[in-house]
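The next block is coords_18.cif, given as mmCIF, C-alpha atoms and all ligand atoms.
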```cif
data_coords
#
loop_
_atom_site.label_atom_id
_atom_site.label_comp_id
_atom_site.auth_asym_id
_atom_site.auth_seq_id
_atom_site.Cartn_x
_atom_site.Cartn_y
_atom_site.Cartn_z
CA MET B 30 0.00 0.00 0.00
CA ARG B 31 1.54 3.28 -1.11
CA ILE B 32 1.15 6.28 1.23
CA PRO B 33 0.55 9.38 -0.92
CA MET B 34 2.97 12.30 -0.87
CA MET B 35 2.60 16.04 -1.44
CA ALA B 36 5.91 17.81 -1.92
CA GLY B 37 6.01 21.59 -2.07
CA ASN B 38 8.77 22.86 -4.36
CA TRP B 39 9.14 26.46 -3.25
CA LYS B 40 11.70 27.14 -5.97
CA MET B 41 13.46 30.51 -5.54
CA ASN B 42 10.89 31.94 -3.15
CA CYS B 43 10.87 32.87 0.55
CA ASP B 44 13.54 34.54 2.63
CA ASN B 45 13.93 33.17 6.16
CA ASP B 46 11.07 35.15 7.70
CA GLU B 47 8.69 34.20 4.91
CA ALA B 48 9.84 30.58 5.07
CA TRP B 49 9.16 30.44 8.80
CA ASP B 50 5.67 31.88 8.31
CA LEU B 51 4.77 29.62 5.40
CA ALA B 52 6.11 26.44 7.01
CA SER B 53 4.38 27.23 10.32
CA ALA B 54 1.10 27.95 8.53
CA VAL B 55 1.32 24.67 6.58
CA CYS B 56 1.93 22.79 9.85
CA ASP B 57 -1.20 24.33 11.37
CA GLU B 58 -3.30 23.59 8.28
CA VAL B 59 -2.32 19.94 7.88
CA GLU B 60 -1.95 19.04 11.54
CA ASP B 61 -4.93 16.70 11.55
CA VAL B 62 -4.32 15.08 8.15
CA GLU B 63 -3.22 11.48 8.23
CA ASN B 64 -2.27 9.26 5.32
CA CYS B 65 -0.20 11.78 3.38
CA GLN B 66 3.52 12.44 3.65
CA VAL B 67 4.05 16.20 3.36
CA VAL B 68 7.49 17.38 2.21
CA LEU B 69 8.60 21.02 2.12
CA CYS B 70 11.45 21.91 -0.25
CA PRO B 71 12.54 25.50 0.43
CA PRO B 72 15.67 27.11 -1.05
CA PHE B 73 18.98 26.07 0.56
CA THR B 74 19.10 29.29 2.57
CA ALA B 75 15.85 28.49 4.37
CA LEU B 76 16.40 24.77 5.07
CA SER B 77 17.39 25.24 8.71
CA THR B 78 14.57 27.68 9.35
CA VAL B 79 12.00 25.29 7.93
CA GLU B 80 13.53 22.39 9.80
CA GLU B 81 12.94 24.28 13.03
CA ALA B 82 9.39 25.21 12.03
CA ILE B 83 8.40 21.61 11.28
CA GLU B 84 10.17 20.07 14.28
CA ASP B 85 7.88 17.72 16.21
CA THR B 86 5.52 17.33 13.24
CA ASP B 87 5.24 14.57 10.62
CA LEU B 88 6.30 16.94 7.87
CA ALA B 89 9.63 16.26 6.19
CA LEU B 90 12.28 18.52 4.73
CA GLY B 91 13.66 18.36 1.20
CA ALA B 92 16.20 20.32 -0.84
CA GLN B 93 15.82 21.32 -4.46
CA ASN B 94 19.17 20.13 -5.78
CA LEU B 95 22.55 18.70 -4.77
CA TYR B 96 25.98 18.12 -6.21
CA TRP B 97 27.40 14.60 -6.38
CA ALA B 98 30.89 15.17 -4.97
CA GLU B 99 31.36 14.93 -1.19
CA SER B 100 33.32 18.19 -0.92
CA GLY B 101 35.83 20.23 -2.85
CA ALA B 102 36.30 23.18 -5.18
CA PHE B 103 32.75 23.42 -6.53
CA THR B 104 31.79 27.02 -5.90
CA GLY B 105 28.09 27.49 -5.28
CA GLU B 106 27.30 23.78 -5.02
CA VAL B 107 25.94 21.82 -2.04
CA ALA B 108 26.74 18.19 -1.13
CA ALA B 109 24.39 15.49 0.15
CA LYS B 110 25.98 15.45 3.60
CA MET B 111 25.43 19.18 3.97
CA LEU B 112 21.74 18.69 3.22
CA LEU B 113 21.56 15.87 5.76
CA SER B 114 23.12 18.14 8.37
CA CYS B 115 20.29 20.63 7.75
CA GLY B 116 17.75 17.90 8.46
CA CYS B 117 16.83 16.99 4.89
CA GLU B 118 15.33 13.59 4.16
CA TYR B 119 14.52 14.30 0.51
CA VAL B 120 16.10 16.06 -2.43
CA ILE B 121 14.59 17.00 -5.78
CA VAL B 122 16.84 15.86 -8.61
CA GLY B 123 16.67 16.75 -12.30
CA HIS B 124 13.86 19.28 -12.18
CA SER B 125 13.27 20.57 -15.70
CA GLU B 126 14.34 24.02 -14.58
CA ARG B 127 17.70 22.52 -13.59
CA ARG B 128 17.88 20.45 -16.75
CA GLY B 129 17.71 23.77 -18.53
CA ARG B 130 14.45 22.98 -20.19
CA PHE B 131 12.91 26.40 -19.66
CA GLY B 132 12.09 26.64 -23.33
CA GLU B 133 13.38 26.72 -26.85
CA ALA B 134 15.45 29.21 -28.77
CA PRO B 135 12.99 30.93 -31.11
CA GLU B 136 15.17 30.63 -34.22
CA THR B 137 16.57 27.13 -33.93
CA GLY B 138 14.15 25.29 -31.65
CA GLU B 139 17.21 24.26 -29.62
CA LEU B 140 16.55 23.63 -25.92
CA LEU B 141 17.86 26.42 -23.76
CA THR B 142 20.36 25.21 -21.20
CA VAL B 143 20.55 27.29 -18.06
CA PHE B 144 21.79 25.13 -15.21
CA GLY B 145 23.03 22.22 -17.25
CA ASP B 146 21.65 19.04 -15.70
CA ASN B 147 21.29 16.16 -18.13
CA ASP B 148 20.53 12.44 -17.85
CA ALA B 149 24.13 11.66 -16.83
CA THR B 150 24.38 14.31 -14.10
CA VAL B 151 20.90 13.43 -12.84
CA ASN B 152 22.07 9.84 -12.42
CA LYS B 153 25.19 10.95 -10.51
CA LYS B 154 23.01 13.04 -8.22
CA VAL B 155 20.55 10.20 -7.62
CA LEU B 156 23.41 7.87 -6.67
CA ALA B 157 25.00 10.49 -4.41
CA ALA B 158 21.68 11.12 -2.67
CA LEU B 159 21.05 7.42 -2.06
CA ALA B 160 24.59 6.86 -0.82
CA ALA B 161 23.97 9.55 1.80
CA ASP B 162 20.54 8.19 2.80
CA LEU B 163 18.64 11.01 1.17
CA ARG B 164 15.53 10.09 -0.81
CA PRO B 165 15.71 11.54 -4.33
CA ILE B 166 12.55 12.88 -5.98
CA VAL B 167 13.58 12.39 -9.59
CA CYS B 168 11.85 14.58 -12.17
CA VAL B 169 11.18 13.47 -15.73
CA GLY B 170 9.02 15.05 -18.41
CA GLU B 171 8.71 16.07 -22.03
CA THR B 172 8.55 19.50 -23.67
CA ILE B 173 5.58 20.47 -25.79
CA ALA B 174 7.67 20.00 -28.96
CA GLU B 175 8.59 16.47 -27.89
CA ARG B 176 4.94 15.69 -27.11
CA GLN B 177 3.76 17.02 -30.45
CA ALA B 178 6.42 14.98 -32.21
CA GLY B 179 5.07 11.81 -30.55
CA GLN B 180 8.26 11.31 -28.53
CA THR B 181 6.75 11.39 -25.03
CA ASP B 182 6.81 7.69 -24.22
CA ALA B 183 10.28 6.98 -25.60
CA LEU B 184 11.71 10.05 -23.87
CA ILE B 185 10.15 9.22 -20.50
CA ARG B 186 11.45 5.65 -20.75
CA ASP B 187 14.94 6.92 -21.54
CA GLN B 188 14.92 9.54 -18.77
CA VAL B 189 13.77 7.07 -16.11
CA LYS B 190 16.26 4.40 -17.18
CA ALA B 191 19.15 6.87 -17.35
CA ALA B 192 18.33 8.48 -14.00
CA LEU B 193 18.26 5.10 -12.26
CA ALA B 194 21.33 3.49 -13.82
CA HIS B 195 23.34 1.55 -11.20
CA VAL B 196 20.66 2.06 -8.53
CA LYS B 197 20.60 -1.07 -6.38
CA ALA B 198 17.41 -3.06 -5.89
CA GLN B 199 17.56 -2.55 -2.12
CA ASP B 200 17.43 1.24 -2.61
CA THR B 201 14.28 1.36 -4.73
CA GLU B 202 11.94 2.13 -1.84
CA ASP B 203 13.85 5.37 -1.32
CA VAL B 204 13.40 6.55 -4.91
CA ILE B 205 10.44 8.71 -5.90
CA ILE B 206 9.72 9.62 -9.51
CA ALA B 207 7.82 12.79 -10.44
CA TYR B 208 6.26 13.01 -13.89
CA GLU B 209 6.40 16.70 -14.72
CA PRO B 210 5.48 17.56 -18.31
CA VAL B 211 7.55 20.69 -18.97
CA TRP B 212 4.66 22.41 -20.77
CA ALA B 213 2.46 22.09 -17.66
CA ILE B 214 4.93 23.62 -15.19
CA GLY B 215 3.94 27.07 -14.01
CA THR B 216 1.70 27.54 -17.05
CA GLY B 217 -1.70 26.85 -15.50
CA GLU B 218 -2.12 24.17 -18.18
CA VAL B 219 -2.51 20.95 -16.23
CA CYS B 220 -2.03 17.61 -17.97
CA ASP B 221 -5.31 15.74 -18.44
CA ALA B 222 -5.69 13.35 -15.50
CA LYS B 223 -6.12 10.26 -17.70
CA GLU B 224 -3.03 11.12 -19.70
CA ALA B 225 -1.00 11.87 -16.56
CA ASN B 226 -2.15 8.52 -15.21
CA ARG B 227 -1.12 6.77 -18.43
CA VAL B 228 2.39 8.26 -18.31
CA CYS B 229 2.75 7.50 -14.58
CA GLY B 230 1.70 3.93 -15.46
CA LEU B 231 4.37 3.84 -18.14
CA ILE B 232 6.92 4.99 -15.56
CA ARG B 233 5.85 2.17 -13.23
CA GLU B 234 6.19 -0.26 -16.14
CA VAL B 235 9.80 0.88 -16.66
CA LEU B 236 10.42 0.57 -12.91
CA GLY B 237 8.98 -2.95 -13.07
CA GLU B 238 11.29 -3.92 -15.95
CA ARG B 239 14.24 -2.53 -14.06
CA PHE B 240 13.54 -3.65 -10.48
CA GLY B 241 10.71 -6.21 -10.70
CA GLN B 242 6.96 -5.78 -10.34
CA GLU B 243 6.88 -6.08 -6.59
CA SER B 244 9.31 -3.20 -6.05
CA ALA B 245 7.62 -1.09 -8.73
CA GLN B 246 4.29 -1.45 -6.94
CA GLU B 247 5.82 -0.05 -3.76
CA MET B 248 7.48 2.97 -5.40
CA LEU B 249 5.87 6.41 -5.45
CA VAL B 250 5.17 8.11 -8.77
CA LEU B 251 4.04 11.73 -8.40
CA TYR B 252 2.55 14.17 -10.90
CA GLY B 253 3.74 17.78 -11.12
CA GLY B 254 2.65 20.70 -13.29
CA SER B 255 0.01 23.28 -12.39
CA MET B 256 -1.56 21.08 -9.71
CA LYS B 257 -4.14 23.25 -7.94
CA PRO B 258 -7.08 22.83 -5.55
CA ASP B 259 -9.51 22.78 -8.51
CA ASN B 260 -7.79 19.95 -10.40
CA VAL B 261 -6.14 17.91 -7.64
CA ARG B 262 -9.03 15.52 -6.99
CA GLY B 263 -9.25 14.39 -10.60
CA LEU B 264 -5.53 13.68 -10.61
CA MET B 265 -5.44 11.99 -7.23
CA ALA B 266 -8.38 9.76 -8.10
CA GLU B 267 -6.17 8.10 -10.72
CA GLU B 268 -4.63 4.80 -9.74
CA GLU B 269 -1.05 5.40 -10.85
CA ILE B 270 -0.67 8.93 -9.42
CA ASP B 271 0.58 8.74 -5.84
CA GLY B 272 0.78 12.44 -5.08
CA GLY B 273 2.15 15.71 -6.34
CA LEU B 274 5.24 17.84 -6.72
CA VAL B 275 3.76 21.29 -6.44
CA GLY B 276 5.25 24.68 -7.27
CA GLY B 277 2.92 27.69 -7.32
CA ALA B 278 0.15 26.21 -5.17
CA SER B 279 2.64 25.25 -2.45
CA LEU B 280 3.40 28.90 -1.71
CA LYS B 281 0.01 29.49 -0.05
CA ALA B 282 -0.60 27.38 3.05
CA GLU B 283 -4.36 27.09 2.45
CA SER B 284 -4.09 25.92 -1.14
CA PHE B 285 -1.25 23.51 -0.37
CA ALA B 286 -3.25 22.10 2.54
CA GLU B 287 -6.19 21.51 0.19
CA LEU B 288 -3.90 19.43 -2.01
CA VAL B 289 -2.67 17.47 1.00
CA ARG B 290 -6.22 16.78 2.18
CA ALA B 291 -7.31 15.77 -1.33
CA ALA B 292 -4.42 13.30 -1.61
CA ALA B 293 -5.14 11.79 1.78
CA GLU B 294 -8.87 11.47 1.10
CA GLU B 295 -8.75 10.22 -2.48
CA LYS B 296 -6.19 7.58 -1.64
CA SER B 297 -7.89 6.34 1.49
CA GLU B 298 -11.09 5.80 -0.51
CA SER B 299 -9.41 3.71 -3.19
P1 LIG B 301 3.87 24.33 -10.71
O1 LIG B 301 5.36 23.72 -10.59
O2 LIG B 301 3.03 23.57 -9.72
O3 LIG B 301 4.01 25.78 -10.38
O4 LIG B 301 3.42 24.09 -12.12
C1 LIG B 301 5.59 22.35 -10.39
C2 LIG B 301 7.06 22.08 -10.36
O5 LIG B 301 7.80 22.74 -11.10
O6 LIG B 301 7.55 21.20 -9.60
#
```

Mind converting the file's structure to structure tokens?
Ligand code: PGA
Amino acid sequence: MRIPMMAGNWKMNCDNDEAWDLASAVCDEVEDVENCQVVLCPPFTALSTVEEAIEDTDLALGAQNLYWAESGAFTGEVAAKMLLSCGCEYVIVGHSERRGRFGEAPETGELLTVFGDNDATVNKKVLAALAADLRPIVCVGETIAERQAGQTDALIRDQVKAALAHVKAQDTEDVIIAYEPVWAIGTGEVCDAKEANRVCGLIREVLGERFGQESAQEMLVLYGGSMKPDNVRGLMAEEEIDGGLVGGASLKAESFAELVRAAAEEKSES
């Protein structure tokens, strides 16, 4: 039985005061909700503040990125052990904004690379996270051009397989996959629930081929991309969708709490 998860990806929002207020408000709102793991992923600078705010609750802390080396001359990067020392249990890996998939160059259609993650670096980060006992939330998803070209399924298969290369069978329960179609992120254009369910099912199929059916059935597959209070129930009613990775709607405690409640309720009914 998979316990649903709602992870709030705060992206580059909230200074320490704002992070304290938002995290405390989320704690108050979801205090009585059972059957949903809530994860807050603030920017690095607010990790310790949020850790303090969620102390003594069932909420968990996550970071938005990591670097795979343990230490060294990597200016501006943060290692898994540093995240652990801030109280993190989770880390988002390979978000499309880190993969540099913000969009396409108007002239050439070439994908714009901003932060430079790719399938190989995502895999290194996943392995580094697992080695440090952090649970990676691994993001995969296609651009609108890839969808229109009929490449979605092949691309998702490739991204999942590449991200999980060399992951050991005993570590699978710590791996979470988030299907985040790039065209649905921050656009207000949510993926149709049936289609999101189909792709999440495809991801579970790949996990099954890689780690066996039994493990795949235990692993969490989330949906992310414009998840909001008015569309969350349709998504969460789908069998293969185990929760959400939420950007915009996680920045307001009330709306995020609605998502948490919807996940808990929809999954306890099924
Ligand atoms: P969104 O972002 O909910 O604002 O679309 C989701 C994400 O990028 O993880």

Residues of chain B within 7 Å of ligand LIG 301 (chain B): nearest atom pair and distance (Å, one decimal) for each, counting all atoms listed in the file, sorted by chain and number, as a Markdown table?
```
| residue | atom | partner | partner_atom | distance |
| --- | --- | --- | --- | --- |
| B:Asn38 | CA | B:LIG301 | O6 | 5.6 |
| B:Glu209 | CA | B:LIG301 | O6 | 6.9 |
| B:Ala213 | CA | B:LIG301 | O4 | 6.0 |
| B:Ile214 | CA | B:LIG301 | O4 | 3.5 |
| B:Gly215 | CA | B:LIG301 | O4 | 3.6 |
| B:Thr216 | CA | B:LIG301 | O4 | 6.3 |
| B:Gly217 | CA | B:LIG301 | O4 | 6.7 |
| B:Gly253 | CA | B:LIG301 | C1 | 5.0 |
| B:Gly254 | CA | B:LIG301 | O4 | 3.7 |
| B:Ser255 | CA | B:LIG301 | O4 | 3.5 |
| B:Met256 | CA | B:LIG301 | O2 | 5.2 |
| B:Leu274 | CA | B:LIG301 | O6 | 5.0 |
| B:Val275 | CA | B:LIG301 | O2 | 4.1 |
| B:Gly276 | CA | B:LIG301 | O1 | 3.5 |
| B:Gly277 | CA | B:LIG301 | O3 | 3.8 |
| B:Ala278 | CA | B:LIG301 | O2 | 6.0 |
```

Find the spatial neighbours of Arg239 of chain B, counting all atoms listed in the file, within a cut-off of 10 Å - ignore same-chain residues fewer than 3 positions away - and output them as a list of chain:residue names.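 Skipping anything fewer than 3 positions along the chain leaves B:Val189, B:Lys190, B:Leu193, B:Ala194, B:Val196, B:Ala198, B:Arg233, B:Glu234, B:Val235, B:Leu236, B:Gln242, B:Ser244, B:Ala245.
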
When you count only C-alpha atoms, which of these residues is closest to Val120 of chain B: B:Phe285, B:Phe73, B:Phe240, B:Phe103?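 Closest candidate: B:Phe73.
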
Separation of atom CA of Ala98 of chain B and atom CA of Ala161 of chain B, in Å? 11.2 Å

Got a sec: who's within 7 Å of segment 77-87 of chain B, counting all atoms listed in the file, leaving out chain neighbours fewer than 6 positions off, as an mmCIF file with C-alpha atoms, in the frame of the given file?
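Done, and the output landed in result_16.cif:
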```cif
data_model
loop_
_atom_site.group_PDB
_atom_site.id
_atom_site.type_symbol
_atom_site.label_atom_id
_atom_site.label_comp_id
_atom_site.auth_asym_id
_atom_site.auth_seq_id
_atom_site.Cartn_x
_atom_site.Cartn_y
_atom_site.Cartn_z
ATOM 1 C CA ASN B 45 13.930 33.170 6.160
ATOM 2 C CA ALA B 48 9.840 30.580 5.070
ATOM 3 C CA TRP B 49 9.160 30.440 8.800
ATOM 4 C CA ALA B 52 6.110 26.440 7.010
ATOM 5 C CA SER B 53 4.380 27.230 10.320
ATOM 6 C CA CYS B 56 1.930 22.790 9.850
ATOM 7 C CA CYS B 115 20.290 20.630 7.750
ATOM 8 C CA GLY B 116 17.750 17.900 8.460
#
```

Please return as number ranges by chain every residue within 9 Å of (-3.2, 23.9, 3.5), taking into account all atoms listed in the file and the file's own coordinates. B: 54-59, 279, 281-290
